[in-house]
>>> print(open('data-v9.txt').read())   # compact mmCIF, C-alpha atoms
# COMPACT_ATOMS: atom_id res chain seq x y z
CA MET Y 1 -18.14 -36.25 -59.76
CA HIS Y 2 -16.75 -33.49 -57.63
CA LYS Y 3 -14.71 -30.71 -59.13
CA LYS Y 4 -11.57 -29.76 -57.32
CA ILE Y 5 -11.48 -26.12 -56.32
CA GLY Y 6 -8.36 -24.40 -57.47
CA THR Y 7 -5.96 -22.49 -55.29
CA GLY Y 8 -6.38 -19.40 -57.44
CA PHE Y 9 -10.05 -19.19 -56.69
CA ILE Y 10 -9.41 -19.48 -52.97
CA LYS Y 11 -6.82 -16.69 -53.05
CA ARG Y 12 -9.23 -14.41 -54.85
CA CYS Y 13 -11.92 -15.00 -52.14
CA VAL Y 14 -9.47 -14.29 -49.33
CA CYS Y 15 -8.41 -11.05 -50.94
CA LEU Y 16 -12.00 -10.00 -51.40
CA VAL Y 17 -12.79 -10.59 -47.71
CA PHE Y 18 -9.68 -8.72 -46.63
CA LEU Y 19 -10.62 -5.77 -48.82
CA VAL Y 20 -14.11 -5.62 -47.32
CA VAL Y 21 -12.71 -5.69 -43.76
CA MET Y 22 -10.23 -2.95 -44.54
CA MET Y 23 -12.90 -0.73 -46.03
CA CYS Y 24 -15.13 -1.17 -42.98
CA GLY Y 25 -12.23 -0.43 -40.66
CA CYS Y 26 -11.40 2.77 -42.48
CA ALA Y 27 -14.99 3.87 -42.39
CA ASN Y 28 -15.22 3.26 -38.62
CA LYS Y 29 -11.97 5.11 -38.02
CA SER Y 30 -13.21 8.04 -40.04
CA ASP Y 31 -16.46 8.17 -38.04
CA SER Y 32 -14.49 7.98 -34.76
CA GLN Y 33 -12.23 10.82 -35.79
CA ASN Y 34 -15.22 12.94 -36.76
CA LYS Y 35 -16.83 12.31 -33.38
CA VAL Y 36 -13.66 13.30 -31.49
CA GLN Y 37 -13.41 16.46 -33.55
CA ASP Y 38 -17.06 17.29 -32.80
CA THR Y 39 -16.55 16.75 -29.05
CA ALA Y 40 -13.44 18.91 -28.91
CA LYS Y 41 -15.17 21.79 -30.59
CA PRO Y 42 -15.31 24.68 -28.02
CA MET Y 43 -18.72 25.84 -26.77
CA ALA Y 44 -19.56 29.58 -27.00
CA ALA Y 45 -19.31 31.29 -23.59
CA GLN Y 46 -19.71 34.78 -22.18
CA SER Y 47 -18.06 36.44 -19.15
CA PHE Y 48 -18.96 39.50 -17.07
CA THR Y 49 -18.70 40.82 -13.51
CA GLY Y 50 -22.00 41.14 -11.71
CA VAL Y 51 -23.96 41.04 -8.46
CA ILE Y 52 -26.00 37.98 -7.48
CA THR Y 53 -29.53 39.29 -6.96
CA SER Y 54 -31.17 35.94 -6.16
CA VAL Y 55 -30.35 32.27 -5.55
CA ASP Y 56 -33.02 29.63 -6.23
CA LYS Y 57 -31.69 26.40 -4.71
CA GLU Y 58 -34.67 24.32 -5.87
CA LEU Y 59 -34.41 25.29 -9.53
CA LYS Y 60 -30.63 25.59 -9.34
CA GLN Y 61 -30.75 29.05 -10.87
CA LEU Y 62 -28.96 32.33 -10.24
CA SER Y 63 -29.96 35.84 -11.18
CA VAL Y 64 -26.85 37.93 -11.80
CA ARG Y 65 -26.91 41.66 -12.56
CA GLU Y 66 -24.00 43.09 -14.50
CA ILE Y 67 -22.39 45.92 -12.52
CA ASP Y 68 -23.09 49.45 -13.68
CA THR Y 69 -26.23 48.22 -15.49
CA ASP Y 70 -29.71 47.06 -14.54
CA VAL Y 71 -29.61 43.94 -16.75
CA ASP Y 72 -30.17 40.59 -14.96
CA THR Y 73 -29.13 37.27 -16.49
CA ILE Y 74 -30.66 33.95 -15.39
CA ILE Y 75 -27.98 31.25 -15.17
CA ASN Y 76 -28.35 27.54 -14.39
CA TYR Y 77 -25.80 25.86 -12.16
CA ASP Y 78 -24.84 22.37 -11.00
CA ASP Y 79 -21.90 20.68 -9.29
CA THR Y 80 -19.77 20.78 -12.46
CA ALA Y 81 -19.31 24.56 -12.22
CA GLU Y 82 -16.02 25.83 -10.82
CA ILE Y 83 -16.91 28.34 -8.05
CA LYS Y 84 -14.45 30.02 -5.69
CA ASP Y 85 -15.08 32.34 -2.73
CA LYS Y 86 -13.05 35.41 -1.77
CA TYR Y 87 -10.40 33.14 -0.21
CA LYS Y 88 -10.08 31.22 -3.50
CA GLN Y 89 -11.59 28.15 -1.88
CA ASP Y 90 -13.95 25.88 -3.82
CA ILE Y 91 -17.62 26.17 -2.87
CA TYR Y 92 -20.91 24.77 -4.18
CA GLY Y 93 -23.58 26.75 -5.99
CA ASP Y 94 -25.96 26.43 -3.04
CA GLU Y 95 -23.43 28.32 -0.91
CA LEU Y 96 -23.65 31.45 -3.05
CA GLU Y 97 -25.29 34.45 -1.38
CA GLN Y 98 -27.44 37.31 -2.55
CA GLY Y 99 -25.32 40.44 -2.98
CA MET Y 100 -22.02 38.68 -3.75
CA ILE Y 101 -19.93 40.28 -6.49
CA MET Y 102 -18.71 37.56 -8.87
CA LYS Y 103 -16.76 37.33 -12.11
CA THR Y 104 -19.09 35.01 -14.04
CA THR Y 105 -18.64 32.79 -17.10
CA TYR Y 106 -21.59 30.87 -18.59
CA ARG Y 107 -22.41 28.97 -21.82
CA THR Y 108 -24.61 30.97 -24.12
CA SER Y 109 -26.20 27.87 -25.68
CA ASP Y 110 -27.94 26.68 -22.51
CA ALA Y 111 -27.14 29.46 -19.95
CA LYS Y 112 -25.18 26.96 -17.87
CA LEU Y 113 -22.66 28.26 -15.35
CA VAL Y 114 -19.06 27.41 -16.20
CA SER Y 115 -17.18 29.32 -13.47
CA MET Y 116 -17.53 32.00 -10.81
CA GLU Y 117 -15.03 33.77 -8.59
CA VAL Y 118 -14.79 36.88 -6.42
CA PRO Y 119 -12.76 39.59 -8.19
CA GLU Y 120 -9.38 40.38 -6.67
CA ASP Y 121 -10.30 44.04 -6.06
CA ALA Y 122 -13.71 43.41 -4.51
CA TRP Y 123 -14.23 44.31 -0.81
CA GLU Y 124 -16.86 43.30 1.75
CA TYR Y 125 -18.10 44.55 5.14
CA LYS Y 126 -20.30 42.23 7.21
CA ASN Y 127 -22.35 42.87 10.38
CA VAL Y 128 -22.47 46.60 9.68
CA ASP Y 129 -24.65 48.33 12.31
CA LYS Y 130 -23.25 51.85 11.98
CA PHE Y 131 -23.68 53.51 8.62
CA SER Y 132 -25.10 56.63 7.06
CA PHE Y 133 -26.25 57.90 3.68
CA ASP Y 134 -25.92 61.35 2.13
CA THR Y 135 -28.48 61.45 -0.64
CA SER Y 136 -27.31 64.85 -1.86
CA GLU Y 137 -23.86 63.39 -2.56
CA SER Y 138 -25.01 59.80 -3.31
CA SER Y 139 -22.51 58.65 -0.72
CA MET Y 140 -22.51 56.00 2.00
CA GLU Y 141 -20.26 56.01 5.05
CA VAL Y 142 -19.15 52.58 6.31
CA ALA Y 143 -16.33 51.84 8.77
CA ASP Y 144 -15.33 55.52 8.71
CA GLU Y 145 -14.83 55.32 4.94
CA LEU Y 146 -16.85 57.15 2.29
CA TYR Y 147 -18.12 55.31 -0.80
CA GLN Y 148 -20.39 56.15 -3.72
CA TYR Y 149 -23.64 54.39 -4.54
CA SER Y 150 -25.73 54.81 -7.69
CA GLU Y 151 -29.01 53.86 -9.32
CA GLN Y 152 -27.38 50.55 -10.27
CA THR Y 153 -26.44 49.67 -6.67
CA TYR Y 154 -28.46 46.66 -5.57
CA PHE Y 155 -30.32 47.01 -2.27
CA GLY Y 156 -31.87 43.80 -0.97
CA THR Y 157 -33.01 41.84 2.05
CA SER Y 158 -33.23 38.19 3.01
CA GLY Y 159 -35.50 36.12 0.78
CA ASN Y 160 -34.08 37.45 -2.49
CA LYS Y 161 -36.17 40.59 -2.14
CA ALA Y 162 -35.08 43.92 -3.58
CA ILE Y 163 -35.79 47.04 -1.49
CA GLU Y 164 -35.27 50.77 -1.79
CA MET Y 165 -32.40 52.48 -0.02
CA VAL Y 166 -34.86 54.62 1.98
CA GLU Y 167 -36.29 51.46 3.56
CA LEU Y 168 -33.09 50.92 5.52
CA SER Y 169 -33.01 51.98 9.15
CA GLU Y 170 -30.21 52.75 11.60
CA ALA Y 171 -31.53 49.76 13.56
CA ASP Y 172 -30.67 47.39 10.67
CA GLU Y 173 -27.57 45.27 10.20
CA LEU Y 174 -26.04 45.16 6.72
CA THR Y 175 -23.54 43.42 4.47
CA VAL Y 176 -21.99 45.92 2.07
CA ARG Y 177 -19.89 44.99 -0.98
CA GLY Y 178 -18.14 46.98 -3.66
CA ILE Y 179 -15.11 47.55 -5.86
CA GLY Y 180 -12.84 50.54 -5.44
CA TYR Y 181 -14.84 53.50 -4.17
CA LYS Y 182 -18.16 52.18 -5.54
CA VAL Y 183 -20.83 50.31 -3.60
CA TYR Y 184 -22.48 47.63 -5.73
CA SER Y 185 -24.65 45.79 -3.21
CA VAL Y 186 -26.20 46.47 0.20
CA ILE Y 187 -28.00 43.53 1.82
CA ARG Y 188 -30.04 43.90 5.00
CA THR Y 189 -29.17 40.80 7.05
CA GLU Y 190 -30.99 41.85 10.24
CA GLY Y 191 -34.12 43.97 10.00
CA HIS Y 192 -36.16 46.05 12.43
CA GLY Y 193 -39.60 46.38 13.93
CA TYR Y 194 -41.40 48.93 16.08
CA LEU Y 195 -42.14 49.38 19.77
CA ARG Y 196 -45.19 51.33 20.93
CA LEU Y 197 -45.65 52.32 24.58
CA LEU Y 198 -49.09 52.43 26.22
CA ASN Y 199 -50.28 53.96 29.54
CA TYR Y 200 -46.95 55.36 30.65
CA LYS Y 201 -47.80 58.98 31.61
CA ASP Y 202 -46.03 58.65 34.99
CA PHE Y 203 -42.72 58.39 33.12
CA ILE Y 204 -43.09 61.26 30.65
CA GLY Y 205 -40.04 63.46 31.03
CA GLY Y 206 -37.91 60.51 32.14
CA MET Y 207 -35.78 58.11 30.11
CA ILE Y 208 -36.36 54.83 28.29
CA ASN Y 209 -33.54 52.28 28.10
CA ILE Y 210 -33.84 49.41 25.62
CA ASP Y 211 -31.08 46.94 26.52
CA ASP Y 212 -28.62 49.86 26.55
CA ASP Y 213 -28.87 49.91 22.74
CA ILE Y 214 -31.38 52.76 22.67
CA ILE Y 215 -31.64 55.48 25.33
CA LEU Y 216 -34.21 58.20 24.71
CA PRO Y 217 -36.26 60.78 26.60
CA VAL Y 218 -39.81 59.58 27.29
CA THR Y 219 -42.38 61.65 25.39
CA ASN Y 220 -46.02 61.36 24.39
CA ASN Y 221 -47.11 58.89 21.69
CA MET Y 222 -43.82 57.06 21.37
CA LEU Y 223 -43.19 54.66 18.49
CA ILE Y 224 -39.58 53.50 18.49
CA THR Y 225 -37.70 51.73 15.70
CA VAL Y 226 -35.83 48.75 17.17
CA SER Y 227 -33.70 45.96 15.72
CA CYS Y 228 -35.34 42.54 15.65
CA GLY Y 229 -34.81 40.51 18.83
CA ASN Y 230 -35.81 40.19 22.47
CA TYR Y 231 -35.27 43.18 24.76
CA ARG Y 232 -35.58 44.39 28.33
CA VAL Y 233 -37.25 47.81 28.29
CA THR Y 234 -36.86 50.02 31.36
CA LEU Y 235 -38.58 53.34 32.05
CA ASN Y 236 -36.98 55.67 34.60
CA LYS Y 237 -38.13 58.94 36.04
CA GLY Y 238 -36.58 60.06 39.29
CA THR Y 239 -37.16 57.26 41.78
CA ALA Y 240 -39.85 55.67 39.59
CA LYS Y 241 -38.78 52.64 37.59
CA ALA Y 242 -40.62 49.97 35.59
CA SER Y 243 -39.27 47.17 33.39
CA LYS Y 244 -40.85 44.78 30.89
CA THR Y 245 -39.63 42.40 28.18
CA VAL Y 246 -40.66 42.57 24.55
CA SER Y 247 -40.03 40.65 21.32
CA ILE Y 248 -39.49 42.76 18.21
CA LYS Y 249 -40.20 41.11 14.87
CA ASN Y 250 -39.34 42.26 11.38
CA ASN Y 251 -41.66 45.04 10.16
CA LYS Y 252 -44.09 44.32 13.01
CA GLU Y 253 -45.36 46.66 15.73
CA SER Y 254 -45.11 45.39 19.29
CA THR Y 255 -46.71 47.10 22.29
CA LEU Y 256 -45.80 47.42 25.96
CA ASP Y 257 -48.60 48.38 28.36
CA PHE Y 258 -47.50 49.99 31.64
CA SER Y 259 -51.02 50.39 33.06
CA ASP Y 260 -50.13 47.91 35.83
CA TYR Y 261 -47.43 50.24 37.17
CA ARG Y 262 -48.20 51.67 40.59
CA LYS Y 263 -46.27 54.51 42.18
CA SER Y 264 -44.26 53.51 45.21
CA ILE Y 265 -43.54 55.93 48.03
CA LYS Y 266 -41.46 53.46 49.99
CA ASN Y 267 -38.24 55.05 51.31
CA VAL Y 268 -39.13 58.43 49.82
CA GLY Y 269 -39.91 61.43 52.00
CA SER Y 270 -41.75 64.65 51.12
CA ILE Y 271 -39.83 67.52 52.72
CA LYS Y 272 -41.26 71.03 53.09
CA PHE Y 273 -38.84 73.89 53.78
CA ASN Y 274 -39.83 77.16 55.52
CA ILE Y 275 -36.92 79.61 55.30
CA ASP Y 276 -36.91 83.05 56.88
CA PRO Y 277 -36.38 85.52 55.34
CA ILE Y 278 -38.16 84.84 52.07
CA GLY Y 279 -35.88 84.82 49.03
CA ALA Y 280 -33.02 82.85 50.55
CA ASP Y 281 -31.32 80.23 48.38
CA LEU Y 282 -31.47 76.56 49.42
CA TYR Y 283 -28.76 74.04 48.51
CA ILE Y 284 -28.93 70.27 49.07
CA ASN Y 285 -25.61 68.47 48.60
CA GLY Y 286 -24.34 71.57 46.85
CA THR Y 287 -27.15 71.79 44.29
CA LYS Y 288 -29.54 74.73 44.29
CA ILE Y 289 -33.09 73.56 44.91
CA ASP Y 290 -36.48 75.15 44.22
CA TYR Y 291 -38.28 74.71 47.55
CA SER Y 292 -41.50 76.53 46.68
CA LYS Y 293 -43.14 73.08 46.80
CA PRO Y 294 -42.34 70.02 48.93
CA ILE Y 295 -39.26 68.14 47.73
CA SER Y 296 -39.13 64.35 47.33
CA LEU Y 297 -35.94 62.85 48.75
CA ASN Y 298 -34.85 59.27 49.19
CA TYR Y 299 -34.28 58.20 52.76
CA GLY Y 300 -30.81 59.17 53.86
CA THR Y 301 -28.68 62.02 55.14
CA TYR Y 302 -28.06 65.21 53.16
CA SER Y 303 -25.97 68.36 53.55
CA VAL Y 304 -28.21 71.45 53.63
CA SER Y 305 -27.25 75.09 53.36
CA ALA Y 306 -29.25 78.31 53.02
CA SER Y 307 -27.86 81.75 52.19
CA LEU Y 308 -28.91 85.32 51.45
CA ASN Y 309 -26.89 88.51 51.09
CA GLY Y 310 -26.68 90.32 54.44
CA TYR Y 311 -27.29 87.14 56.43
CA SER Y 312 -25.04 84.45 57.81
CA THR Y 313 -25.08 81.20 55.83
CA TYR Y 314 -26.83 78.30 57.49
CA ASN Y 315 -25.13 74.89 57.28
CA GLY Y 316 -26.58 71.68 58.62
CA LYS Y 317 -27.47 68.03 58.10
CA LEU Y 318 -30.87 66.70 57.15
CA THR Y 319 -31.85 63.08 57.80
CA VAL Y 320 -34.86 61.83 55.86
CA ALA Y 321 -36.43 58.75 57.47
CA GLU Y 322 -40.18 59.37 57.27
CA ALA Y 323 -42.88 59.97 54.65
CA SER Y 324 -43.20 63.73 55.34
CA LYS Y 325 -41.32 66.34 57.28
CA THR Y 326 -41.21 70.14 57.66
CA ILE Y 327 -37.90 71.94 58.13
CA ASN Y 328 -37.82 75.50 59.51
CA ILE Y 329 -34.68 77.58 58.98
CA SER Y 330 -34.16 81.15 60.23
CA LEU Y 331 -31.18 83.11 59.00
CA GLU Y 332 -29.51 85.66 61.25
CA THR Y 333 -28.25 89.01 60.04
CA SER Y 334 -24.50 89.42 59.93
CA ASP Y 335 -24.54 92.00 62.77
CA THR Y 336 -26.73 89.85 65.01
CA ALA Y 337 -24.52 86.87 64.39
CA SER Y 338 -21.39 88.86 65.37
CA ALA Y 339 -23.02 90.11 68.57
CA ALA Y 340 -24.21 86.66 69.47
CA THR Y 341 -20.73 85.33 69.00
CA SER Y 342 -18.96 88.05 71.05
CA ALA Y 343 -21.39 88.09 73.99
CA PRO Y 344 -20.59 84.63 75.31
CA GLN Y 345 -16.88 85.36 74.99
CA SER Y 346 -17.18 88.33 77.39
CA THR Y 347 -19.14 86.44 80.01
CA ALA Y 348 -18.11 82.82 79.70
CA SER Y 349 -14.83 81.32 80.74
CA SER Y 350 -12.21 80.47 78.14
CA GLU Y 351 -12.73 76.80 78.89
CA THR Y 352 -16.30 77.04 77.56
CA THR Y 353 -15.67 79.48 74.73
CA GLU Y 354 -12.74 77.84 72.94
CA PRO Y 355 -14.39 74.51 72.12
CA GLN Y 356 -17.45 76.34 70.73
CA ALA Y 357 -15.32 78.45 68.46
CA THR Y 358 -13.34 75.42 67.31
CA ALA Y 359 -16.49 73.47 66.53
CA ALA Y 360 -17.96 76.33 64.52
CA SER Y 361 -14.84 76.80 62.42
CA THR Y 362 -14.57 73.07 61.75
CA SER Y 363 -18.15 72.92 60.53
CA LYS Y 364 -17.66 75.80 58.12
CA SER Y 365 -14.45 74.36 56.70
CA LYS Y 366 -16.11 71.06 55.82
CA THR Y 367 -19.26 72.45 54.26
CA LYS Y 368 -18.84 74.67 51.21
CA THR Y 369 -21.65 76.34 49.35
CA LYS Y 370 -21.15 75.69 45.66
CA LYS Y 371 -21.84 78.36 43.07
CA ILE Y 372 -24.51 77.70 40.46
CA ASP Y 373 -23.96 78.91 36.87
CA SER Y 374 -27.51 78.83 35.50
CA ASN Y 375 -26.33 80.12 32.09
CA HIS Y 376 -24.19 77.07 31.36
CA THR Y 377 -24.44 73.29 31.56
CA ILE Y 378 -22.54 70.12 32.34
CA SER Y 379 -22.98 67.34 29.77
CA VAL Y 380 -22.02 63.71 30.43
CA THR Y 381 -21.64 61.81 27.14
CA ALA Y 382 -20.15 58.45 28.20
CA PRO Y 383 -20.59 55.69 29.22
CA GLU Y 384 -24.00 55.51 27.59
CA GLY Y 385 -26.87 54.19 29.70
CA ALA Y 386 -25.25 54.84 33.09
CA GLU Y 387 -27.11 56.73 35.81
CA VAL Y 388 -25.36 59.98 36.76
CA TYR Y 389 -25.19 61.34 40.30
CA LEU Y 390 -23.61 64.69 41.21
CA ASP Y 391 -22.63 64.62 44.90
CA ASN Y 392 -25.24 61.87 45.47
CA VAL Y 393 -28.00 63.76 43.62
CA TYR Y 394 -29.51 61.96 40.60
CA LYS Y 395 -29.08 63.90 37.36
CA GLY Y 396 -30.15 61.52 34.59
CA ILE Y 397 -29.01 58.75 32.29
CA VAL Y 398 -26.06 59.22 29.95
CA PRO Y 399 -26.14 61.09 27.64
CA CYS Y 400 -27.54 63.81 29.91
CA LYS Y 401 -27.17 67.51 30.58
CA PHE Y 402 -27.81 69.58 33.70
CA THR Y 403 -27.12 73.02 35.17
CA LYS Y 404 -23.46 73.80 35.77
CA VAL Y 405 -22.24 73.61 39.37
CA ILE Y 406 -18.85 75.21 39.99
CA GLY Y 407 -16.19 73.73 42.25
CA SER Y 408 -14.86 70.35 43.30
CA GLN Y 409 -17.46 67.60 43.38
CA THR Y 410 -18.00 63.90 42.83
CA ILE Y 411 -19.54 62.34 39.74
CA THR Y 412 -20.87 58.82 40.39
CA LEU Y 413 -21.84 56.44 37.58
CA SER Y 414 -24.12 53.47 38.27
CA LYS Y 415 -25.45 50.79 35.95
CA SER Y 416 -27.16 47.50 36.69
CA GLY Y 417 -24.74 44.59 36.34
CA TYR Y 418 -21.66 46.83 36.45
CA VAL Y 419 -19.31 48.08 39.17
CA THR Y 420 -20.26 51.57 40.38
CA LYS Y 421 -17.50 54.12 39.76
CA SER Y 422 -16.89 57.60 41.17
CA TYR Y 423 -14.72 60.43 39.86
CA SER Y 424 -13.62 63.66 41.50
CA VAL Y 425 -13.95 66.62 39.16
CA ASP Y 426 -13.16 70.29 39.44
CA ILE Y 427 -15.54 72.50 37.47
CA LEU Y 428 -14.04 75.90 36.68
CA ASP Y 429 -15.85 79.22 36.80
CA ASP Y 430 -14.99 80.08 33.20
CA ASP Y 431 -18.36 81.01 31.64
CA LYS Y 432 -18.29 77.90 29.43
CA ASN Y 433 -20.30 74.72 29.04
CA VAL Y 434 -18.59 71.57 30.31
CA LYS Y 435 -18.51 68.21 28.54
CA LEU Y 436 -17.46 65.12 30.51
CA SER Y 437 -16.74 61.66 29.14
CA PHE Y 438 -15.70 58.68 31.26
CA SER Y 439 -14.46 55.14 30.58
CA GLU Y 440 -16.87 52.24 30.10
CA LEU Y 441 -17.98 50.58 33.32
CA ILE Y 442 -16.63 47.13 34.17
CA GLU Y 443 -19.05 44.22 34.46
CA ASP Y 444 -19.70 43.08 38.01
CA ALA Y 445 -18.60 39.42 38.23
CA ASP Y 446 -20.67 38.92 41.40
CA LYS Y 447 -23.99 39.77 39.70
>>> encode(input="data-v9.txt", output="structure tokens")
Amino acid sequence: MHKKIGTGFIKRCVCLVFLVVMMCGCANKSDSQNKVQDTAKPMAAQSFTGVITSVDKELKQLSVREIDTDVDTIINYDDTAEIKDKYKQDIYGDELEQGMIMKTTYRTSDAKLVSMEVPEDAWEYKNVDKFSFDTSESSMEVADELYQYSEQTYFGTSGNKAIEMVELSEADELTVRGIGYKVYSVIRTEGHGYLRLLNYKDFIGGMINIDDDIILPVTNNMLITVSCGNYRVTLNKGTAKASKTVSIKNNKESTLDFSDYRKSIKNVGSIKFNIDPIGADLYINGTKIDYSKPISLNYGTYSVSASLNGYSTYNGKLTVAEASKTINISLETSDTASAATSAPQSTASSETTEPQATAASTSKSKTKTKKIDSNHTISVTAPEGAEVYLDNVYKGIVPCKFTKVIGSQTITLSKSGYVTKSYSVDILDDDKNVKLSFSELIEDADK
């Protein structure tokens, strides 16, 4: 026989099941709430302002040095970090650069980067190629402004390498960053190498021009510091000129050998002057010349004058069109010259005399003997690298200095690839040195 199950028993079972379900639900809710609370619990973090001293893109790590200290902190980064550049634009960790000044926040538990941004008061100079240091004052001049550096200032170069301040050269290019008047990082972005000249004795005393960036007198045993890159190097001395190309690499010494240079005498004449009486002064194109030895002159026509107290000044033209030539000049005494002038007038007709007198006066009015001030100089300071000619006589490459010539004359500036420019100047007899500076030459569009 089967017993009939009562409704009371069934109700008790249903209640028991419901109670069990409710207890499980409460337990799960409690666990869920605990988990939410655990997740919302803030992680410990630390913030500071520092300089990035290295970026390792493979390990995704930064080394950041707190400003005004020498303490570096290694921080891990990934794409979850909030990073902003100086324009407040979002950037990735791999775009961070050595030397950047950043306000940094990272988690202390795992050294993971939380955020980075450039401070509002931070400044930056890029592509700096003119700078100077004053170690006695611990100061650095950049963009005509004076800043202070210290033992905590970070000096570095590409490749996350730290260097000493004394390793920097005027040939380098820098990125400089700081806050206020303090410099916190100096990064060498373009380095320098060295140029050594070999077998160049024919140019000693002349000038070397390295792509118009460096212009120096040529001396013995030259070793020149040059920015990295490819250059055209030109040696000049008088009419002699030789050019070669060279590649300068970082911290490497490159050499240029000029042993294949051969002197050329083409279109250059050797002129010997014999002037009677001995002791007379000789001027070519208004410049006093030492004629005790033969003079080398380019082919062409020159104004020549010779003078001595008690004698009439000789004025004439000299045409140089051969390899060698001897010029004989005899000065007449003032009395002899007067007699020679008056004699024809007493015997010759006026028709013959007047044209001779007119011709003589015209010649003297056009040719003026310029005064030389050997105690003072003329300096030409700009444009750098241009060849300087004083009344068609070569004087050097800017910046250059030469003996002062008094009076009105023409300064001509010439530079390969640029339009030649001439200026009329009037040099006063004031017992002072003269400094001349001219505008930059204009590039020649036809070359």
>>> closest_atom_pairs(input="data-v9.txt", of="region 79-107 of chain Y", to="region 178-182 of chain Y", cutoff="10 Å", atoms="only C-alpha atoms", output="CSV")
residue,atom,partner,partner_atom,distance
Y:Gly99,CA,Y:Gly178,CA,9.7
Y:Met100,CA,Y:Gly178,CA,9.2
Y:Ile101,CA,Y:Gly178,CA,7.5
>>> residues_around(input="data-v9.txt", residues="region 42-56 of chain Y", least_positions_apart="5", cutoff="8 Å", atoms="all atoms listed in the file", output="number ranges by chain")
Y: 61-67, 94, 96-109, 154, 156, 160-162, 184-185
>>> residues_around(input="data-v9.txt", residues="Thr225 (chain Y)", least_positions_apart="3", cutoff="8 Å", atoms="only C-alpha atoms", output="compact mmCIF listing (two decimals) with C-alpha atoms, keeping the file's coordinate frame")
# COMPACT_ATOMS: atom_id res chain seq x y z
CA ALA Y 171 -31.53 49.76 13.56
CA HIS Y 192 -36.16 46.05 12.43
CA GLY Y 193 -39.60 46.38 13.93
CA TYR Y 194 -41.40 48.93 16.08
CA LEU Y 195 -42.14 49.38 19.77
>>> atom_distance(input="data-v9.txt", atom1="CA of Arg177 (chain Y)", atom2="CA of Glu58 (chain Y)")
25.9 Å
>>> axis_aligned_box(input="data-v9.txt", around="region 151-158 of chain Y", padding_each_side="3 Å", output="lines of an AutoDock Vina configuration file")
center_x = -29.8
center_y = 46.0
center_z = -3.6
size_x = 12.8
size_y = 21.7
size_z = 19.3
>>> atom_distance(input="data-v9.txt", atom1="CA of Asn209 (chain Y)", atom2="CA of Cys400 (chain Y)")
13.1 Å
>>> residues_around(input="data-v9.txt", residues="region 242-251 of chain Y", least_positions_apart="4", cutoff="12 Å", atoms="all atoms listed in the file", output="PyMOL selection string")
chain Y and resi 157-158+167-169+171-172+188-197+200+202-203+206-211+224-238+255-264
>>> residues_around(input="data-v9.txt", residues="Ile91 (chain Y)", least_positions_apart="2", cutoff="10 Å", atoms="all atoms listed in the file", output="list in words")
Asp79, Ala81, Glu82, Ile83, Lys84, Asp85, Lys88, Gln89, Gly93, Asp94, Glu95, Leu96, Met116 and Glu117 of chain Y
>>> residues_around(input="data-v9.txt", residues="Tyr87 (chain Y)", least_positions_apart="5", cutoff="12 Å", atoms="only C-alpha atoms", output="list in words")
Glu117, Val118, Pro119, Glu120, Ala122 and Trp123 of chain Y
>>> atom_distance(input="data-v9.txt", atom1="CA of Lys404 (chain Y)", atom2="CA of Leu428 (chain Y)")
9.7 Å
>>> closest_residue(input="data-v9.txt", among="Y:Ser139, Y:Ser150, Y:Phe133, Y:Ala111", to="Asp68 (chain Y)", atoms="all atoms listed in the file")
Y:Ser150
